[in-house]
$ cat upload.cif   # mmCIF, C-alpha atoms, pLDDT in the B column; chains and numbers go by the auth columns
data_coords
loop_
_atom_site.group_PDB
_atom_site.id
_atom_site.type_symbol
_atom_site.label_atom_id
_atom_site.label_comp_id
_atom_site.label_asym_id
_atom_site.label_seq_id
_atom_site.Cartn_x
_atom_site.Cartn_y
_atom_site.Cartn_z
_atom_site.B_iso_or_equiv
_atom_site.auth_seq_id
_atom_site.auth_asym_id
ATOM 1 C CA MET A 1 51.072 145.723 76.663 81.00 1 A
ATOM 2 C CA THR A 2 47.332 145.423 76.155 93.00 2 A
ATOM 3 C CA LYS A 3 45.789 142.559 74.209 97.00 3 A
ATOM 4 C CA THR A 4 42.323 142.148 72.749 98.00 4 A
ATOM 5 C CA ILE A 5 40.206 139.560 70.968 98.00 5 A
ATOM 6 C CA TRP A 6 39.752 139.901 67.216 98.00 6 A
ATOM 7 C CA LYS A 7 37.400 138.089 64.883 98.00 7 A
ATOM 8 C CA PHE A 8 38.506 136.761 61.501 98.00 8 A
ATOM 9 C CA GLU A 9 35.935 135.550 58.988 98.00 9 A
ATOM 10 C CA LEU A 10 36.670 132.222 57.340 98.00 10 A
ATOM 11 C CA GLU A 11 35.799 131.084 53.860 97.00 11 A
ATOM 12 C CA ILE A 12 34.569 127.558 53.295 95.00 12 A
ATOM 13 C CA THR A 13 37.469 126.613 51.048 94.00 13 A
ATOM 14 C CA ASP A 14 40.261 124.077 51.235 92.00 14 A
ATOM 15 C CA LYS A 15 43.083 126.537 51.967 95.00 15 A
ATOM 16 C CA GLN A 16 43.220 130.218 52.875 98.00 16 A
ATOM 17 C CA PHE A 17 45.724 132.673 54.290 98.00 17 A
ATOM 18 C CA ILE A 18 44.778 135.105 57.044 98.00 18 A
ATOM 19 C CA ARG A 19 46.952 138.016 58.126 98.00 19 A
ATOM 20 C CA MET A 20 46.967 138.505 61.893 98.00 20 A
ATOM 21 C CA PRO A 21 49.328 139.834 64.560 98.00 21 A
ATOM 22 C CA LYS A 22 52.333 137.591 65.228 97.00 22 A
ATOM 23 C CA GLY A 23 51.826 135.293 68.173 96.00 23 A
ATOM 24 C CA ALA A 24 48.020 135.457 67.997 98.00 24 A
ATOM 25 C CA GLU A 25 46.496 132.788 70.239 98.00 25 A
ATOM 26 C CA LEU A 26 43.615 131.014 68.503 98.00 26 A
ATOM 27 C CA LEU A 27 40.622 130.746 70.818 98.00 27 A
ATOM 28 C CA SER A 28 37.560 129.424 69.024 98.00 28 A
ATOM 29 C CA VAL A 29 35.835 128.671 65.736 98.00 29 A
ATOM 30 C CA GLN A 30 32.071 129.180 65.520 97.00 30 A
ATOM 31 C CA THR A 31 29.463 130.602 63.215 97.00 31 A
ATOM 32 C CA GLN A 32 28.023 134.072 63.598 97.00 32 A
ATOM 33 C CA SER A 33 24.912 134.641 61.481 93.00 33 A
ATOM 34 C CA GLU A 34 25.748 131.497 59.464 91.00 34 A
ATOM 35 C CA SER A 35 29.254 132.809 58.658 96.00 35 A
ATOM 36 C CA PRO A 36 32.220 130.820 59.988 98.00 36 A
ATOM 37 C CA CYS A 37 34.548 132.898 62.157 98.00 37 A
ATOM 38 C CA LEU A 38 37.785 132.430 64.059 98.00 38 A
ATOM 39 C CA TRP A 39 38.505 134.376 67.251 98.00 39 A
ATOM 40 C CA ALA A 40 42.042 135.064 68.431 98.00 40 A
ATOM 41 C CA PHE A 41 43.704 136.796 71.396 98.00 41 A
ATOM 42 C CA VAL A 42 46.084 139.323 69.823 98.00 42 A
ATOM 43 C CA ASN A 43 48.455 142.191 70.447 97.00 43 A
ATOM 44 C CA PRO A 44 46.768 144.782 68.210 96.00 44 A
ATOM 45 C CA ASN A 45 49.992 146.791 67.892 95.00 45 A
ATOM 46 C CA GLY A 46 52.211 143.880 66.909 92.00 46 A
ATOM 47 C CA ALA A 47 53.710 143.125 63.516 97.00 47 A
ATOM 48 C CA THR A 48 51.560 140.866 61.375 98.00 48 A
ATOM 49 C CA GLU A 49 52.097 137.559 59.618 98.00 49 A
ATOM 50 C CA GLU A 50 50.129 135.345 57.249 98.00 50 A
ATOM 51 C CA ARG A 51 48.859 132.068 58.656 98.00 51 A
ATOM 52 C CA CYS A 52 47.464 129.200 56.633 98.00 52 A
ATOM 53 C CA PHE A 53 44.124 127.597 57.524 98.00 53 A
ATOM 54 C CA GLU A 54 42.300 124.686 55.940 97.00 54 A
ATOM 55 C CA VAL A 55 38.602 123.828 56.152 97.00 55 A
ATOM 56 C CA PHE A 56 37.395 120.276 55.545 97.00 56 A
ATOM 57 C CA GLY A 57 33.861 118.970 55.488 97.00 57 A
ATOM 58 C CA THR A 58 33.021 115.787 57.379 97.00 58 A
ATOM 59 C CA GLY A 59 33.744 112.830 55.092 96.00 59 A
ATOM 60 C CA HIS A 60 35.872 114.834 52.666 95.00 60 A
ATOM 61 C CA PRO A 61 39.376 113.528 51.871 93.00 61 A
ATOM 62 C CA ILE A 62 42.336 115.140 53.627 92.00 62 A
ATOM 63 C CA HIS A 63 45.650 114.599 51.882 88.00 63 A
ATOM 64 C CA CYS A 64 48.377 113.816 54.391 88.00 64 A
ATOM 65 C CA ASP A 65 51.445 114.693 52.353 83.00 65 A
ATOM 66 C CA ILE A 66 54.944 114.387 53.730 82.00 66 A
ATOM 67 C CA GLY A 67 56.035 117.667 55.319 83.00 67 A
ATOM 68 C CA ILE A 68 52.514 118.989 55.958 86.00 68 A
ATOM 69 C CA ASP A 69 51.593 119.270 59.624 94.00 69 A
ATOM 70 C CA ARG A 70 48.205 120.446 60.799 96.00 70 A
ATOM 71 C CA LYS A 71 46.855 121.546 64.155 96.00 71 A
ATOM 72 C CA TYR A 72 43.140 121.113 64.800 97.00 72 A
ATOM 73 C CA ILE A 73 41.462 124.426 65.700 98.00 73 A
ATOM 74 C CA GLY A 74 37.745 123.661 65.904 98.00 74 A
ATOM 75 C CA THR A 75 34.512 122.535 64.270 98.00 75 A
ATOM 76 C CA PHE A 76 31.521 124.564 63.098 98.00 76 A
ATOM 77 C CA GLN A 77 28.112 123.764 61.649 97.00 77 A
ATOM 78 C CA ILE A 78 25.937 125.635 59.176 95.00 78 A
ATOM 79 C CA ARG A 79 22.424 125.175 57.786 92.00 79 A
ATOM 80 C CA ASP A 80 21.062 124.004 61.152 92.00 80 A
ATOM 81 C CA GLY A 81 23.770 121.348 61.440 91.00 81 A
ATOM 82 C CA ALA A 82 23.241 119.891 57.969 95.00 82 A
ATOM 83 C CA LEU A 83 26.855 120.753 57.042 96.00 83 A
ATOM 84 C CA VAL A 84 29.762 120.245 59.445 98.00 84 A
ATOM 85 C CA PHE A 85 33.275 121.590 58.823 98.00 85 A
ATOM 86 C CA HIS A 86 36.579 121.211 60.652 98.00 86 A
ATOM 87 C CA VAL A 87 39.289 123.885 60.752 98.00 87 A
ATOM 88 C CA PHE A 88 43.023 123.169 60.885 97.00 88 A
ATOM 89 C CA GLU A 89 46.065 125.417 60.850 98.00 89 A
ATOM 90 C CA ARG A 90 49.094 124.376 58.843 95.00 90 A
ATOM 91 C CA VAL A 91 52.083 124.553 61.147 92.00 91 A
#

$ encode --input "upload.cif" --output "structure tokens"
Amino acid sequence: MTKTIWKFELEITDKQFIRMPKGAELLSVQTQSESPCLWAFVNPNGATEERCFEVFGTGHPIHCDIGIDRKYIGTFQIRDGALVFHVFERV
């Protein structure tokens, strides 16, 4: 089996679903040309699944409801660091 690294563009929105190969290993979150992106190590021939990601700005409220678990993925900045966002995956 051969794996590769894929890029997934993120929206700056509270919750979004991204379809990616099952078992994708999340590597990094950064901006590329001011666009937030997520990189993952994937099996390009594998079946896919939808995964849920959330993006929160620094200082914004994060509702910690019962039954919602999140895993921190990374932080990115835009507008020369004027805006800072934090990415979590719902697990």

$ closest_residue --input "upload.cif" --among "A:Lys3, A:Ile68, A:Met20, A:Gly59" --to "A:Leu83" --atoms "all atoms listed in the file"
A:Gly59

$ axis_aligned_box --input "upload.cif" --around "stretch 60-74 of chain A" --padding-each-side "6 Å" --output "JSON"
{"center_x": 46.0, "center_y": 119.0, "center_z": 58.9, "size_x": 32.2, "size_y": 22.9, "size_z": 26.0}

$ closest_residue --input "upload.cif" --among "A:Lys7, A:Arg51, A:His60, A:His86" --to "A:Ile73" --atoms "only C-alpha atoms"
A:His86

$ resolve_selection --input "upload.cif" --expression "the PyMOL selection byres ((chain A and resi 31) around 10)" --output "MDAnalysis selection string"
chainID A and resid 9:10 29:30 32:38 75:78

$ closest_residue --input "upload.cif" --among "A:Asp14, A:Thr4, A:Val87, A:Ala24" --to "A:Pro61" --atoms "all atoms listed in the file"
A:Asp14

$ residues_around --input "upload.cif" --residues "A:Leu27" --least-positions-apart "5" --cutoff "8 Å" --atoms "all atoms listed in the file" --output "number ranges by chain"
A: 38-41

$ atom_distance --input "upload.cif" --atom1 "atom CA of A:Ile18" --atom2 "atom CA of A:Asp80"
26.5 Å

$ residues_near_point --input "upload.cif" --point "(29.9, 120.6, 51.4)" --cutoff "10 Å" --atoms "all atoms listed in the file" --output "count of residues only"
11

$ atom_distance --input "upload.cif" --atom1 "atom CA of A:Val91" --atom2 "atom CA of A:Asn45"
23.3 Å

$ resolve_selection --input "upload.cif" --expression "the PyMOL selection byres ((chain A and resi 47) around 10)" --output "list in words"
Met20, Pro21, Lys22, Gly23, Asn43, Pro44, Asn45, Gly46, Thr48 and Glu49 of chain A

$ atom_distance --input "upload.cif" --atom1 "atom CA of A:Cys64" --atom2 "atom CA of A:Arg19"
24.5 Å

$ closest_residue --input "upload.cif" --among "A:Trp6, A:Met1, A:Glu25, A:Arg70" --to "A:Glu54" --atoms "all atoms listed in the file"
A:Arg70

$ closest_residue --input "upload.cif" --among "A:Glu50, A:Gln16, A:Gly81, A:Arg90" --to "A:Gly67" --atoms "all atoms listed in the file"
A:Arg90

$ residues_around --input "upload.cif" --residues "A:Glu89" --least-positions-apart "3" --cutoff "6 Å" --atoms "all atoms listed in the file" --output "list in words"
Cys52, Phe53, Arg70 and Lys71 of chain A
